[in-house]
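Worksheet: the structure to be examined is printed underneath.
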Amino acid sequence: MKNTFGASIELLWTRRFGTFWFASLLSNIGTWVQQVAQPWLLLSLGASPFLMGLDTFALGAPVWFLTLVGGALADSADRRTVIAKFQSIQMLCPILLVLLLLFSMVSPWMVIMLSLVIGVTDALSMPSFQSIVPSIVEHKQIASGLALNSTQFNLSRILGPAIAGVLLVSVGAVGCFVVSAISYVPFILVALWILPRREISSTVNVVLNHKLILANVEKISHIPLLRGALLTVFSTSLFCAPLITFIPIIIKNSFHGNAGHFSIAVGLFGVGGLLGAIILLFVDVKRDRRYISSGFASIYGIVLILVALNSWFWGLSILLIFGGVAMSVSNISANTILQVNTPSLFRGQAVSLYMLAMRGGLSIGSLLTGLSVSLIGAEKALLINGALALIIQLIVGREWMRSALP
């Protein structure tokens, strides 16, 4: 175990991976600062639970229409250009929110429309971003690289909400969106430096060739090992991921908390996610990760049920740590299975399907959960979500274990 962990950590000291890891951390801190500030801003603007769910839906829904195109871009286009262009457009969204707040012109619908812009640019650029790790490490290091990359993402879940909490109670949401806008710059610069330029004259034709895209998707989805990974990610995203979207309602209504309590809750979820990623650094690369991913997906459903039944704020905090661990271990393991077992020729398409399962599931789940929260309350809605997540994962996991390993 020590050798496995040591070999994983050594990646951080390599020039390209280490620089990419640090730039990604800064970028994700800014993202989490905004993701904490935005739902609290919507609440302060009088947004209903449905509008809060609609905001998350707007952020994730574009993956259903565009992420396969983003996967084709990752496989065929110059990823430097893809990332730089779309991330630059995305950076304009927090800048616009800052201006709208300064001039007291912001409304819930404006926030939702900017979330839609971020969702579109994410859908087109995230497959290129997610396929960076396998392109800068050796094949045998992909599992360790993905786990390390998740440590920075979950570390940002801790630091981002902590920074957001300080800013919200001091200078307000405007400070959060300023930090978010600035955080895009280092990652864009590093992506331009770290990735080799790819000159492909037929990029447009490849991207617009829907038959080729669908053919690659069909190849991936017909492999039981990969299909099980995608279904596991989708089921947890659909039923469990909305937990974070509606935590502000539980904290405000059930525990009479404020923005500080919310930032603590999201930060503790990040602590759990970081612990989960670190745990995976100790797992041997030859270990069958189907059992790990499916088992922790089931635990995630159980956590949701316990959150719905809990009536103590610090009990909620403890459960969020376990939820972060379950989410992180399950998703990273499923992502590792996908990227290790998919040929590099259409790895970007596999990543786009992973993003579709994760972000698309969250978008639909948040919209549906928003409706149920409006009708029956947050606790009952999460209780139903948790029960469905557990039942469906037991079914999906059983079939997944029957698939043959390569």
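To be explicit about the labels: the chains of the structure tokens are called A, B, and onward in the order shown, and within each one the residues are counted from 1, while ligands get numbers from 1 in the order they are shown.
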Per-residue nearest contacts stretch 108-161 of chain A to stretch 65-81 of chain A, cut-off 10 Å, using only C-alpha atoms, as JSON lines:
```
{"residue": "A:Gly119", "atom": "CA", "partner": "A:Leu66", "partner_atom": "CA", "distance": 9.6}
{"residue": "A:Val120", "atom": "CA", "partner": "A:Leu66", "partner_atom": "CA", "distance": 7.2}
{"residue": "A:Thr121", "atom": "CA", "partner": "A:Leu66", "partner_atom": "CA", "distance": 9.1}
{"residue": "A:Asp122", "atom": "CA", "partner": "A:Thr67", "partner_atom": "CA", "distance": 8.3}
{"residue": "A:Ala123", "atom": "CA", "partner": "A:Thr67", "partner_atom": "CA", "distance": 4.6}
{"residue": "A:Leu124", "atom": "CA", "partner": "A:Gly70", "partner_atom": "CA", "distance": 4.0}
{"residue": "A:Ser125", "atom": "CA", "partner": "A:Gly70", "partner_atom": "CA", "distance": 5.9}
{"residue": "A:Met126", "atom": "CA", "partner": "A:Gly70", "partner_atom": "CA", "distance": 7.2}
{"residue": "A:Pro127", "atom": "CA", "partner": "A:Gly71", "partner_atom": "CA", "distance": 5.3}
{"residue": "A:Ser128", "atom": "CA", "partner": "A:Ala74", "partner_atom": "CA", "distance": 4.4}
{"residue": "A:Phe129", "atom": "CA", "partner": "A:Arg79", "partner_atom": "CA", "distance": 7.9}
{"residue": "A:Gln130", "atom": "CA", "partner": "A:Ala74", "partner_atom": "CA", "distance": 9.1}
{"residue": "A:Ser131", "atom": "CA", "partner": "A:Ala74", "partner_atom": "CA", "distance": 7.4}
{"residue": "A:Ile132", "atom": "CA", "partner": "A:Arg79", "partner_atom": "CA", "distance": 8.8}
```
Print the selection's residues with N, CA and C atoms to a file, as an mmCIF file, in the first residue's frame.
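The result, stored in again35.cif:
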```cif
data_model
loop_
_atom_site.group_PDB
_atom_site.id
_atom_site.type_symbol
_atom_site.label_atom_id
_atom_site.label_comp_id
_atom_site.auth_asym_id
_atom_site.auth_seq_id
_atom_site.Cartn_x
_atom_site.Cartn_y
_atom_site.Cartn_z
ATOM 1 N N GLY A 119 -23.235 26.324 -18.653
ATOM 2 C CA GLY A 119 -23.538 24.937 -18.982
ATOM 3 C C GLY A 119 -23.170 24.588 -20.417
ATOM 4 N N VAL A 120 -23.453 25.496 -21.342
ATOM 5 C CA VAL A 120 -23.125 25.266 -22.760
ATOM 6 C C VAL A 120 -21.614 25.178 -22.957
ATOM 7 N N THR A 121 -20.873 26.128 -22.386
ATOM 8 C CA THR A 121 -19.414 26.129 -22.555
ATOM 9 C C THR A 121 -18.771 24.941 -21.843
ATOM 10 N N ASP A 122 -19.345 24.552 -20.707
ATOM 11 C CA ASP A 122 -18.843 23.371 -20.001
ATOM 12 C C ASP A 122 -19.031 22.113 -20.849
ATOM 13 N N ALA A 123 -20.223 21.969 -21.423
ATOM 14 C CA ALA A 123 -20.523 20.781 -22.212
ATOM 15 C C ALA A 123 -19.562 20.631 -23.387
ATOM 16 N N LEU A 124 -19.157 21.749 -23.971
ATOM 17 C CA LEU A 124 -18.279 21.713 -25.137
ATOM 18 C C LEU A 124 -16.804 21.590 -24.782
ATOM 19 N N SER A 125 -16.421 22.025 -23.588
ATOM 20 C CA SER A 125 -14.993 22.036 -23.243
ATOM 21 C C SER A 125 -14.573 20.998 -22.219
ATOM 22 N N MET A 126 -15.502 20.515 -21.380
ATOM 23 C CA MET A 126 -15.106 19.609 -20.304
ATOM 24 C C MET A 126 -14.543 18.272 -20.783
ATOM 25 N N PRO A 127 -15.048 17.670 -21.876
ATOM 26 C CA PRO A 127 -14.391 16.446 -22.358
ATOM 27 C C PRO A 127 -12.919 16.669 -22.697
ATOM 28 N N SER A 128 -12.586 17.833 -23.242
ATOM 29 C CA SER A 128 -11.178 18.145 -23.527
ATOM 30 C C SER A 128 -10.396 18.282 -22.227
ATOM 31 N N PHE A 129 -11.016 18.906 -21.231
ATOM 32 C CA PHE A 129 -10.369 19.066 -19.935
ATOM 33 C C PHE A 129 -10.181 17.715 -19.247
ATOM 34 N N GLN A 130 -11.243 16.894 -19.240
ATOM 35 C CA GLN A 130 -11.202 15.619 -18.529
ATOM 36 C C GLN A 130 -10.246 14.615 -19.171
ATOM 37 N N SER A 131 -9.942 14.788 -20.457
ATOM 38 C CA SER A 131 -9.037 13.854 -21.134
ATOM 39 C C SER A 131 -7.582 14.302 -21.078
ATOM 40 N N ILE A 132 -7.296 15.362 -20.328
ATOM 41 C CA ILE A 132 -5.917 15.842 -20.212
ATOM 42 C C ILE A 132 -5.055 14.838 -19.452
#
```
Residues near A:Phe153, anyone? I mean within 8 Å using only C-alpha atoms, not counting same-chain ones fewer than 5 positions away, as an NGL selection string. :A and (24-25 or 28 or 274)
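Take atom CA of A:Val329 and atom CA of A:Ile163: the distance between them is 25.2 Å.
Nearest residue to A:Ile332, choosing from A:Ser372, A:Met105, A:Arg290, A:Arg16 and counting only C-alpha atoms: A:Arg290.
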In terms of only C-alpha atoms, the residue from A:Ala181, A:Leu100, A:Ile142, A:Met52 at minimal distance from A:Gly30 is A:Ala181
Need to verify the contact set: A:Leu148, 8 Å, only C-alpha atoms, exclusion of same-chain residues closer than 2 positions in sequence. Can you return it as a PyMOL selection string? chain A and resi 8-9+144-146+150-152+277-278+281
Output file for the selection above: C-alpha atoms, as a short mmCIF file (atom, residue, chain, number, x, y, z; two decimals), in the first residue's frame:
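Result file again01.cif:
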```cif
data_model
loop_
_atom_site.label_atom_id
_atom_site.label_comp_id
_atom_site.auth_asym_id
_atom_site.auth_seq_id
_atom_site.Cartn_x
_atom_site.Cartn_y
_atom_site.Cartn_z
CA SER A 8 0.90 8.06 -6.96
CA ILE A 9 2.25 11.05 -5.04
CA SER A 144 -3.35 7.38 -9.88
CA GLY A 145 -3.54 10.52 -12.03
CA LEU A 146 -7.34 10.57 -11.93
CA SER A 150 -9.85 14.38 -7.78
CA THR A 151 -7.92 15.33 -4.64
CA GLN A 152 -7.45 18.86 -5.98
CA ALA A 277 -9.82 10.48 -3.34
CA ILE A 278 -6.94 9.88 -0.89
CA LEU A 281 -4.45 6.41 -3.83
#
```
Once you count only C-alpha atoms, what closest atom pair and distance in Å to one decimal does each residue of stretch 240-288 of chain A within 12 Å of stretch 360-364 of chain A have, with rows by chain and rising residue number, as JSON lines?
```
{"residue": "A:Cys240", "atom": "CA", "partner": "A:Leu362", "partner_atom": "CA", "distance": 8.3}
{"residue": "A:Ala241", "atom": "CA", "partner": "A:Leu362", "partner_atom": "CA", "distance": 5.9}
{"residue": "A:Pro242", "atom": "CA", "partner": "A:Leu362", "partner_atom": "CA", "distance": 6.4}
{"residue": "A:Leu243", "atom": "CA", "partner": "A:Leu362", "partner_atom": "CA", "distance": 9.9}
{"residue": "A:Ile244", "atom": "CA", "partner": "A:Leu362", "partner_atom": "CA", "distance": 10.4}
{"residue": "A:Thr245", "atom": "CA", "partner": "A:Leu362", "partner_atom": "CA", "distance": 9.4}
```
A:Tyr354, A:Trp21, A:Phe313, A:Phe57 ranked by distance to A:His256, top pick (using only C-alpha atoms): A:Phe313
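Rounded to one decimal, atom CA of A:Pro161 and atom CA of A:Ile264 lie 7.0 Å from each other.
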Please list as a count of residues only every residue within 8 Å of A:Leu116, counting only C-alpha atoms and excluding residues in the same chain fewer than 4 positions away. 7
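If only C-alpha atoms are the atoms counted, then among A:Leu155, A:Leu167, A:Ile188, A:Ala61 the closest residue to A:Gln87 is A:Ile188.
Across the model, the gap from atom CA of A:Val283 to atom CA of A:Lys219 is 28.8 Å.
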I'd like to know which residues of stretch 234-404 of chain A are alpha helix (DSSP H) (by DSSP, run on the backbone); could you write them as a ChimeraX atom specification? /A:234-239,242-249,259-281,289-309,313-341,347-355,361-376,378-401
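Distance check against A:Gln38 using only C-alpha atoms: of A:Leu356, A:Leu168, A:Ile321, A:Ile384, the minimum falls on A:Leu168.
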Nearest residue to A:Pro134 from the set A:Met358, A:Met110, A:Leu316, A:Ala147 (distances using only C-alpha atoms): A:Ala147
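Residues within 9 Å of A:Ala334, counting only C-alpha atoms and excluding same-chain residues fewer than 3 positions away, are Leu226, Gly228, Ala229, Leu230, Thr232, Val233, Arg289, Arg290, Ile292, Ser293, Ser294, Val329, Ser330, Asn331, Ile337, Leu338, Gln339 and Tyr354 of chain A.
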